[in-house]
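The next block is structure.pdb, given as PDB, C-alpha atoms.
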```pdb
ATOM      1  CA  MET A   1      41.537 -50.253 114.422
ATOM      2  CA  ILE A   2      42.835 -52.019 111.356
ATOM      3  CA  PHE A   3      41.613 -49.338 108.962
ATOM      4  CA  GLN A   4      43.505 -46.628 110.777
ATOM      5  CA  LYS A   5      46.636 -48.734 110.723
ATOM      6  CA  PHE A   6      46.550 -49.056 106.957
ATOM      7  CA  ALA A   7      45.529 -45.436 106.610
ATOM      8  CA  ALA A   8      48.886 -44.400 108.088
ATOM      9  CA  PRO A   9      51.195 -43.261 105.262
ATOM     10  CA  LYS A  10      53.888 -45.629 106.542
ATOM     11  CA  TYR A  11      51.675 -48.644 105.756
ATOM     12  CA  PHE A  12      49.730 -47.229 102.873
ATOM     13  CA  TYR A  13      52.776 -46.281 100.806
ATOM     14  CA  PRO A  14      54.156 -49.822 100.319
ATOM     15  CA  LEU A  15      50.643 -51.294 100.113
ATOM     16  CA  ALA A  16      49.755 -48.911  97.248
ATOM     17  CA  GLY A  17      53.027 -49.806  95.557
ATOM     18  CA  LYS A  18      52.156 -53.510  95.678
ATOM     19  CA  CYS A  19      48.604 -53.019  94.362
ATOM     20  CA  LEU A  20      49.511 -50.535  91.635
ATOM     21  CA  PRO A  21      50.879 -52.918  88.946
ATOM     22  CA  TRP A  22      47.877 -55.248  89.359
ATOM     23  CA  PHE A  23      45.372 -52.462  88.896
ATOM     24  CA  GLY A  24      47.422 -50.932  86.089
ATOM     25  CA  TRP A  25      47.696 -54.076  83.972
ATOM     26  CA  LEU A  26      44.107 -55.077  84.675
ATOM     27  CA  CYS A  27      43.135 -51.609  83.464
ATOM     28  CA  VAL A  28      45.131 -52.000  80.224
ATOM     29  CA  LEU A  29      43.538 -55.401  79.619
ATOM     30  CA  THR A  30      40.014 -54.160  80.327
ATOM     31  CA  LEU A  31      40.371 -51.064  78.149
ATOM     32  CA  ALA A  32      41.796 -53.149  75.276
ATOM     33  CA  THR A  33      38.825 -55.545  75.529
ATOM     34  CA  GLY A  34      36.393 -52.636  75.698
ATOM     35  CA  LEU A  35      37.935 -50.958  72.651
ATOM     36  CA  TYR A  36      37.813 -54.187  70.676
ATOM     37  CA  LEU A  37      34.155 -54.790  71.568
ATOM     38  CA  GLY A  38      33.194 -51.150  71.025
ATOM     39  CA  LEU A  39      34.958 -50.618  67.711
ATOM     40  CA  PHE A  40      34.698 -54.044  66.060
ATOM     41  CA  VAL A  41      31.870 -56.016  67.639
ATOM     42  CA  ALA A  42      29.168 -53.462  68.517
ATOM     43  CA  PRO A  43      26.845 -52.719  65.571
ATOM     44  CA  PRO A  44      26.166 -49.148  64.357
ATOM     45  CA  ASP A  45      22.994 -47.578  65.774
ATOM     46  CA  TYR A  46      19.958 -47.564  63.473
ATOM     47  CA  GLN A  47      19.436 -43.824  64.041
ATOM     48  CA  GLN A  48      22.857 -42.435  64.909
ATOM     49  CA  GLY A  49      24.972 -44.716  62.727
ATOM     50  CA  GLU A  50      28.645 -44.998  63.622
ATOM     51  CA  THR A  51      28.609 -41.926  65.881
ATOM     52  CA  VAL A  52      27.196 -44.189  68.580
ATOM     53  CA  ARG A  53      30.787 -45.388  69.119
ATOM     54  CA  ILE A  54      31.527 -42.008  70.711
ATOM     55  CA  MET A  55      29.292 -43.242  73.523
ATOM     56  CA  PHE A  56      31.918 -45.788  74.663
ATOM     57  CA  ILE A  57      34.154 -42.858  75.614
ATOM     58  CA  HIS A  58      31.553 -40.231  76.403
ATOM     59  CA  VAL A  59      29.310 -42.134  78.812
ATOM     60  CA  PRO A  60      32.084 -43.733  80.941
ATOM     61  CA  SER A  61      33.822 -40.318  81.230
ATOM     62  CA  ALA A  62      30.584 -38.634  82.244
ATOM     63  CA  TRP A  63      29.816 -41.339  84.820
ATOM     64  CA  MET A  64      33.354 -41.153  86.182
ATOM     65  CA  SER A  65      33.190 -37.360  86.395
ATOM     66  CA  MET A  66      30.317 -37.745  88.858
ATOM     67  CA  PHE A  67      31.639 -40.858  90.579
ATOM     68  CA  VAL A  68      35.030 -39.289  91.347
ATOM     69  CA  TYR A  69      33.353 -36.170  92.704
ATOM     70  CA  ALA A  70      31.056 -38.244  94.927
ATOM     71  CA  VAL A  71      33.986 -40.271  96.287
ATOM     72  CA  MET A  72      36.001 -37.096  96.909
ATOM     73  CA  ALA A  73      33.082 -35.567  98.795
ATOM     74  CA  GLY A  74      32.682 -38.781 100.807
ATOM     75  CA  ALA A  75      36.378 -38.721 101.686
ATOM     76  CA  ALA A  76      36.085 -35.036 102.591
ATOM     77  CA  ALA A  77      33.257 -35.819 105.030
ATOM     78  CA  ILE A  78      35.279 -38.664 106.593
ATOM     79  CA  GLY A  79      38.320 -36.383 106.804
ATOM     80  CA  LEU A  80      36.321 -33.636 108.547
ATOM     81  CA  VAL A  81      34.936 -36.043 111.136
ATOM     82  CA  TRP A  82      37.795 -38.456 111.848
ATOM     83  CA  LYS A  83      40.791 -36.362 110.766
ATOM     84  CA  ILE A  84      42.479 -39.125 108.798
ATOM     85  CA  LYS A  85      45.572 -37.833 107.037
ATOM     86  CA  LEU A  86      45.173 -40.139 104.092
ATOM     87  CA  THR A  87      41.850 -38.657 102.950
ATOM     88  CA  ASP A  88      43.608 -35.387 102.119
ATOM     89  CA  SER A  89      46.115 -37.049  99.839
ATOM     90  CA  PHE A  90      43.319 -39.113  98.268
ATOM     91  CA  ILE A  91      41.260 -35.996  97.537
ATOM     92  CA  THR A  92      44.231 -34.046  96.194
ATOM     93  CA  ALA A  93      45.215 -37.003  94.002
ATOM     94  CA  SER A  94      41.665 -37.473  92.681
ATOM     95  CA  ALA A  95      40.818 -33.896  91.724
ATOM     96  CA  PRO A  96      42.849 -33.630  88.476
ATOM     97  CA  ILE A  97      41.638 -37.071  87.351
ATOM     98  CA  GLY A  98      38.012 -36.126  87.977
ATOM     99  CA  ALA A  99      38.501 -32.832  86.177
ATOM    100  CA  SER A 100      40.029 -34.712  83.225
ATOM    101  CA  PHE A 101      37.039 -37.032  82.975
ATOM    102  CA  THR A 102      34.683 -34.050  83.115
ATOM    103  CA  LEU A 103      36.594 -32.274  80.360
ATOM    104  CA  LEU A 104      36.609 -35.459  78.271
ATOM    105  CA  ALA A 105      32.857 -35.911  78.743
ATOM    106  CA  LEU A 106      32.249 -32.317  77.610
ATOM    107  CA  LEU A 107      34.608 -32.512  74.604
ATOM    108  CA  THR A 108      33.345 -35.881  73.336
ATOM    109  CA  GLY A 109      29.776 -34.689  73.931
ATOM    110  CA  SER A 110      30.558 -31.740  71.705
ATOM    111  CA  LEU A 111      31.961 -34.032  69.006
ATOM    112  CA  TRP A 112      28.802 -36.122  69.241
ATOM    113  CA  GLY A 113      26.437 -33.156  69.381
ATOM    114  CA  LYS A 114      27.749 -31.521  66.231
ATOM    115  CA  PRO A 115      26.759 -34.324  63.791
ATOM    116  CA  MET A 116      23.583 -35.348  65.681
ATOM    117  CA  TRP A 117      22.134 -32.052  66.942
ATOM    118  CA  GLY A 118      23.886 -29.729  64.508
ATOM    119  CA  ALA A 119      25.577 -27.747  67.299
ATOM    120  CA  TRP A 120      28.868 -28.068  69.195
ATOM    121  CA  TRP A 121      27.274 -26.639  72.318
ATOM    122  CA  VAL A 122      23.808 -25.728  73.582
ATOM    123  CA  TRP A 123      22.974 -24.157  76.937
ATOM    124  CA  ASP A 124      20.954 -27.151  77.905
ATOM    125  CA  ALA A 125      20.409 -28.287  81.513
ATOM    126  CA  ARG A 126      22.560 -31.433  81.212
ATOM    127  CA  LEU A 127      25.448 -29.698  79.464
ATOM    128  CA  THR A 128      25.362 -26.649  81.727
ATOM    129  CA  SER A 129      25.305 -28.678  84.958
ATOM    130  CA  GLU A 130      28.236 -30.786  83.699
ATOM    131  CA  LEU A 131      30.126 -27.581  82.900
ATOM    132  CA  ILE A 132      29.428 -26.413  86.480
ATOM    133  CA  LEU A 133      30.963 -29.706  87.659
ATOM    134  CA  LEU A 134      34.141 -28.848  85.744
ATOM    135  CA  PHE A 135      34.193 -25.430  87.448
ATOM    136  CA  LEU A 136      33.725 -27.130  90.835
ATOM    137  CA  TYR A 137      36.780 -29.302  90.188
ATOM    138  CA  LEU A 138      38.847 -26.339  88.958
ATOM    139  CA  GLY A 139      37.610 -24.187  91.852
ATOM    140  CA  PHE A 140      38.578 -26.910  94.326
ATOM    141  CA  MET A 141      42.066 -27.236  92.859
ATOM    142  CA  SER A 142      42.744 -23.501  92.808
ATOM    143  CA  LEU A 143      41.395 -23.138  96.360
ATOM    144  CA  GLN A 144      43.768 -25.873  97.522
ATOM    145  CA  SER A 145      46.761 -24.251  95.891
ATOM    146  CA  ALA A 146      45.812 -20.759  97.113
ATOM    147  CA  ILE A 147      45.864 -21.622 100.841
ATOM    148  CA  ASP A 148      49.322 -22.258 102.268
ATOM    149  CA  ASP A 149      48.367 -23.843 105.586
ATOM    150  CA  PRO A 150      47.557 -27.488 104.678
ATOM    151  CA  ARG A 151      45.026 -27.910 107.481
ATOM    152  CA  ARG A 152      43.051 -24.835 106.475
ATOM    153  CA  ALA A 153      43.320 -25.760 102.801
ATOM    154  CA  SER A 154      41.853 -29.194 103.433
ATOM    155  CA  ARG A 155      38.988 -27.812 105.559
ATOM    156  CA  ALA A 156      38.076 -25.163 103.000
ATOM    157  CA  GLY A 157      38.346 -27.695 100.180
ATOM    158  CA  ALA A 158      36.155 -30.179 102.050
ATOM    159  CA  ILE A 159      33.446 -27.580 102.576
ATOM    160  CA  LEU A 160      33.491 -26.604  98.891
ATOM    161  CA  LEU A 161      33.267 -30.267  97.881
ATOM    162  CA  LEU A 162      30.353 -30.934 100.235
ATOM    163  CA  VAL A 163      28.390 -27.886  99.096
ATOM    164  CA  GLY A 164      29.016 -28.836  95.456
ATOM    165  CA  VAL A 165      27.466 -32.278  95.978
ATOM    166  CA  ILE A 166      24.102 -30.653  95.284
ATOM    167  CA  ASN A 167      25.137 -30.457  91.624
ATOM    168  CA  LEU A 168      25.276 -34.277  91.274
ATOM    169  CA  PRO A 169      21.517 -34.978  91.452
ATOM    170  CA  VAL A 170      20.996 -31.913  89.267
ATOM    171  CA  ILE A 171      23.197 -33.478  86.567
ATOM    172  CA  HIS A 172      21.555 -36.874  86.907
ATOM    173  CA  TYR A 173      17.958 -35.670  86.827
ATOM    174  CA  SER A 174      18.526 -32.716  84.473
ATOM    175  CA  VAL A 175      17.221 -34.773  81.546
ATOM    176  CA  GLU A 176      13.969 -35.421  83.400
ATOM    177  CA  TRP A 177      13.426 -32.107  85.163
ATOM    178  CA  TRP A 178      14.011 -29.944  82.126
ATOM    179  CA  ASN A 179      13.187 -30.213  78.477
ATOM    180  CA  THR A 180      16.599 -30.951  77.037
ATOM    181  CA  LEU A 181      18.228 -32.011  73.799
ATOM    182  CA  HIS A 182      20.264 -34.580  75.696
ATOM    183  CA  GLN A 183      18.750 -38.041  75.617
ATOM    184  CA  PRO A 184      17.387 -39.459  78.897
ATOM    185  CA  SER A 185      19.131 -42.218  80.863
ATOM    186  CA  SER A 186      19.028 -45.595  79.195
ATOM    187  CA  VAL A 187      21.251 -47.595  81.538
ATOM    188  CA  ALA A 188      20.878 -46.311  85.114
ATOM    189  CA  ARG A 189      17.094 -46.760  85.256
ATOM    190  CA  LEU A 190      14.903 -48.264  87.926
ATOM    191  CA  ASP A 191      13.269 -50.598  85.398
ATOM    192  CA  GLY A 192      16.607 -51.853  84.081
ATOM    193  CA  PRO A 193      18.771 -50.840  81.132
ATOM    194  CA  ARG A 194      17.063 -50.118  77.862
ATOM    195  CA  ILE A 195      19.850 -50.823  75.425
ATOM    196  CA  HIS A 196      20.745 -53.997  73.601
ATOM    197  CA  SER A 197      23.442 -56.197  75.106
ATOM    198  CA  SER A 198      25.644 -55.798  71.986
ATOM    199  CA  ILE A 199      26.089 -52.148  72.993
ATOM    200  CA  LEU A 200      25.558 -52.470  76.752
ATOM    201  CA  ILE A 201      28.396 -54.981  77.275
ATOM    202  CA  PRO A 202      31.160 -52.912  75.589
ATOM    203  CA  LEU A 203      29.859 -49.891  77.499
ATOM    204  CA  LEU A 204      30.082 -51.693  80.853
ATOM    205  CA  VAL A 205      33.559 -53.035  80.021
ATOM    206  CA  MET A 206      34.770 -49.513  79.154
ATOM    207  CA  MET A 207      33.195 -48.303  82.380
ATOM    208  CA  ALA A 208      35.156 -50.918  84.348
ATOM    209  CA  GLY A 209      38.322 -49.913  82.461
ATOM    210  CA  PHE A 210      37.824 -46.245  83.374
ATOM    211  CA  LYS A 211      37.266 -47.175  87.030
ATOM    212  CA  LEU A 212      40.481 -49.223  87.078
ATOM    213  CA  PHE A 213      42.246 -46.315  85.400
ATOM    214  CA  PHE A 214      41.099 -44.016  88.192
ATOM    215  CA  VAL A 215      42.227 -46.430  90.920
ATOM    216  CA  SER A 216      45.645 -46.943  89.287
ATOM    217  CA  VAL A 217      46.373 -43.259  88.717
ATOM    218  CA  VAL A 218      45.075 -42.278  92.150
ATOM    219  CA  LEU A 219      47.396 -44.809  93.823
ATOM    220  CA  LEU A 220      50.352 -43.502  91.810
ATOM    221  CA  ARG A 221      49.555 -39.873  92.622
ATOM    222  CA  MET A 222      49.001 -40.688  96.297
ATOM    223  CA  ARG A 223      52.435 -42.284  96.469
ATOM    224  CA  SER A 224      53.936 -39.083  95.034
ATOM    225  CA  ILE A 225      52.019 -36.932  97.505
ATOM    226  CA  ILE A 226      53.143 -39.107 100.433
ATOM    227  CA  LEU A 227      56.755 -38.818  99.242
ATOM    228  CA  ASP A 228      56.379 -35.024  99.201
ATOM    229  CA  ASN A 229      54.768 -34.858 102.654
ATOM    230  CA  GLU A 230      56.972 -37.383 104.394
ATOM    231  CA  ALA A 231      60.296 -36.571 102.727
ATOM    232  CA  ASN A 232      62.010 -36.337 106.118
ATOM    233  CA  SER A 233      60.222 -39.164 107.919
ATOM    234  CA  ARG A 234      62.382 -41.884 109.305
ATOM    235  CA  TRP A 235      60.234 -44.752 107.938
ATOM    236  CA  LEU A 236      60.766 -43.517 104.403
ATOM    237  CA  GLN A 237      64.519 -43.348 104.804
ATOM    238  CA  GLU A 238      64.590 -46.793 106.382
ATOM    239  CA  GLN A 239      62.585 -48.290 103.550
ATOM    240  CA  GLY A 240      64.779 -46.608 100.993
ATOM    241  CA  ALA A 241      61.561 -45.636  99.122
TER     242      ALA A 241
ATOM    243  CA  MET B   1      36.241 -56.570  57.184
ATOM    244  CA  ASN B   2      36.980 -53.560  55.005
ATOM    245  CA  TRP B   3      39.580 -51.289  56.662
ATOM    246  CA  SER B   4      38.850 -48.119  54.671
ATOM    247  CA  GLU B   5      35.183 -48.490  55.563
ATOM    248  CA  PHE B   6      36.204 -48.960  59.180
ATOM    249  CA  PHE B   7      38.309 -45.790  59.215
ATOM    250  CA  ASN B   8      35.591 -43.859  57.397
ATOM    251  CA  MET B   9      33.047 -44.595  60.189
ATOM    252  CA  GLY B  10      30.088 -43.998  57.889
ATOM    253  CA  GLY B  11      31.288 -40.473  57.093
ATOM    254  CA  TYR B  12      31.654 -39.528  60.767
ATOM    255  CA  ALA B  13      35.390 -40.271  60.945
ATOM    256  CA  VAL B  14      36.330 -36.803  62.290
ATOM    257  CA  TYR B  15      33.866 -37.023  65.175
ATOM    258  CA  VAL B  16      34.399 -40.663  66.117
ATOM    259  CA  TRP B  17      38.193 -40.743  65.782
ATOM    260  CA  GLY B  18      38.421 -37.238  67.199
ATOM    261  CA  SER B  19      36.734 -38.516  70.374
ATOM    262  CA  TYR B  20      39.055 -41.512  70.652
ATOM    263  CA  LEU B  21      42.097 -39.327  70.005
ATOM    264  CA  LEU B  22      41.048 -36.839  72.690
ATOM    265  CA  ALA B  23      40.494 -39.712  75.115
ATOM    266  CA  ALA B  24      43.971 -41.058  74.328
ATOM    267  CA  ILE B  25      45.528 -37.625  74.934
ATOM    268  CA  VAL B  26      43.650 -36.933  78.182
ATOM    269  CA  LEU B  27      44.217 -40.413  79.633
ATOM    270  CA  GLY B  28      47.823 -40.477  78.368
ATOM    271  CA  LEU B  29      48.671 -37.189  80.092
ATOM    272  CA  ASN B  30      47.043 -38.495  83.275
ATOM    273  CA  VAL B  31      49.514 -41.379  83.281
ATOM    274  CA  TRP B  32      52.596 -39.641  81.888
ATOM    275  CA  LEU B  33      52.697 -36.539  84.126
ATOM    276  CA  PRO B  34      52.341 -38.365  87.500
ATOM    277  CA  LEU B  35      54.770 -41.090  86.335
ATOM    278  CA  ARG B  36      57.365 -38.472  85.393
ATOM    279  CA  LYS B  37      56.977 -36.790  88.760
ATOM    280  CA  TYR B  38      57.147 -40.124  90.606
ATOM    281  CA  HIS B  39      60.313 -41.241  88.809
ATOM    282  CA  GLY B  40      61.915 -37.854  89.529
ATOM    283  CA  GLN B  41      61.180 -38.312  93.239
ATOM    284  CA  GLN B  42      62.611 -41.829  93.242
ATOM    285  CA  LYS B  43      65.799 -40.538  91.625
ATOM    286  CA  MET B  44      66.125 -37.778  94.225
ATOM    287  CA  ILE B  45      65.680 -40.241  97.076
ATOM    288  CA  ARG B  46      68.309 -42.586  95.631
ATOM    289  CA  LYS B  47      70.743 -39.696  95.278
ATOM    290  CA  LYS B  48      70.055 -38.596  98.858
ATOM    291  CA  ASN B  49      70.599 -42.127 100.163
ATOM    292  CA  GLU B  50      73.915 -42.402  98.327
ATOM    293  CA  THR B  51      75.284 -39.179  99.782
ATOM    294  CA  THR B  52      74.203 -39.964 103.355
ATOM    295  CA  SER B  53      75.355 -43.583 103.481
TER     296      SER B  53
END
```
Translate this structure into C-alpha cells?
Amino acid sequence: MIFQKFAAPKYFYPLAGKCLPWFGWLCVLTLATGLYLGLFVAPPDYQQGETVRIMFIHVPSAWMSMFVYAVMAGAAAIGLVWKIKLTDSFITASAPIGASFTLLALLTGSLWGKPMWGAWWVWDARLTSELILLFLYLGFMSLQSAIDDPRRASRAGAILLLVGVINLPVIHYSVEWWNTLHQPSSVARLDGPRIHSSILIPLLVMMAGFKLFFVSVVLLRMRSIILDNEANSRWLQEQGA
Amino acid sequence: MNWSEFFNMGGYAVYVWGSYLLAAIVLGLNVWLPLRKYHGQQKMIRKKNETTS
C-alpha cells in the first residue's frame, strides 16, 4: 500500500524535508497578506471600532485550536486501529502547537473582552469549554511524558484524546445551547457567512496562514522526533541526515 | 494614511497591539524552539559521521 510506504519514517523523513520550505514560505507569504488586509484594508466595525482587528488573530487561533485537536484525535483512532508508527510522531508533534493556539485564543479573547464586555474573563460556556480544551492538551502532554513505555504512552494518550473529542461540539454549540456573552457564529453557519467580504476575506487569509503554519511546524517537529527515535537506524546513517 | 492614528487604533491600542504582540511571541516560540532543537540534532549527526568515517 502506497500510504504505508510513505508512512515509514525512512520515506517520510526526506519527504517532509522537501515539503517543509514550500509550506514555510507559503505560510510567511499568506500571513503577510493577511496582516496587510486585516490591518490596512479592513474597515473598523461600526459597533466595536478598531478592536475588531483582534478577530484576525483570535478567530483563526480558536478555529485552529479545535482543528488541531480533531486531527490529533483522528490520527489517534487510525493509530489504534492500524498501528502506524507515524501517527504517534504526528500527534506528539501537534500537541504543543494546538495548545499554543488554544492559549492564544484565550489570551486574545481576554484582550478583546476587556474593552467590549468590561471583563478580562467570565465563566461563560464558550470561554469555559475552550479553557477545558487547553487542559485537555496539557493533560495529554503530561500523560505522554509521564509514561515511559512508548507503546503504553501512545495508547493512553489516544484514549484521552478520543474521550476529549466530546468537548469539540460543546465548544462549537456553546453559544447556541447556553445564554452567553460570546457572540454566535457568523462564518461557519448553514445559511452562509454573515459578515461583509471586506472583513471575511482577511479572516479567511489569516485562517489559511495559520493552517500553513501548523503544517510547517508539524513537519519540522516530526523530523526532530524521527531523528530522536531512529538515531541508530541504518537508513539515517546512510542518508547522512 | 495617518500613522499616529493607525498606531492609536481608536484608543484601543493596548488591546489590539497587545493581541498582535502575543500572537508574534506564541508563533515565534513555536518556530524558534523546534528549529533550535532540529539544528542541534543535525550538528550532532554531523559530528558523529565525522568521527565514524
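The closest residue to Tyr20 of chain B, picked from A:Arg53, A:Arg221, A:His196, A:Lys114 and counting all atoms listed in the file, is A:Arg53.
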Self-check item: Answer key for the ChimeraX specification (/A :<8) & /B, residues as a PyMOL selection string
Solution: chain B and resi 9-10+12+15-16+18-20+22-23+26-27+30-31+34-35+37-38+41-42+45-46+49
Practice problem: May I have the residues within 12 Å of Tyr36 of chain A as number ranges by chain, using all atoms listed in the file and disregarding those fewer than 2 positions away in the same chain? | Solution: A: 29-34, 38-42, 53, 56, 201-203, 205-206
Self-check item: Between atom CA of Tyr69 of chain A and atom CA of Thr102 of chain A - distance in Å to one decimal
Solution: 9.9 Å
Practice problem: Report as a count of residues only the full result of the PyMOL selection byres ((chain A and resi 127-139) around 9) when it is applied to this structure. | Solution: 34
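The spacing separating atom CA of Trp32 of chain B from atom CA of Val68 of chain A amounts to 20.0 Å.
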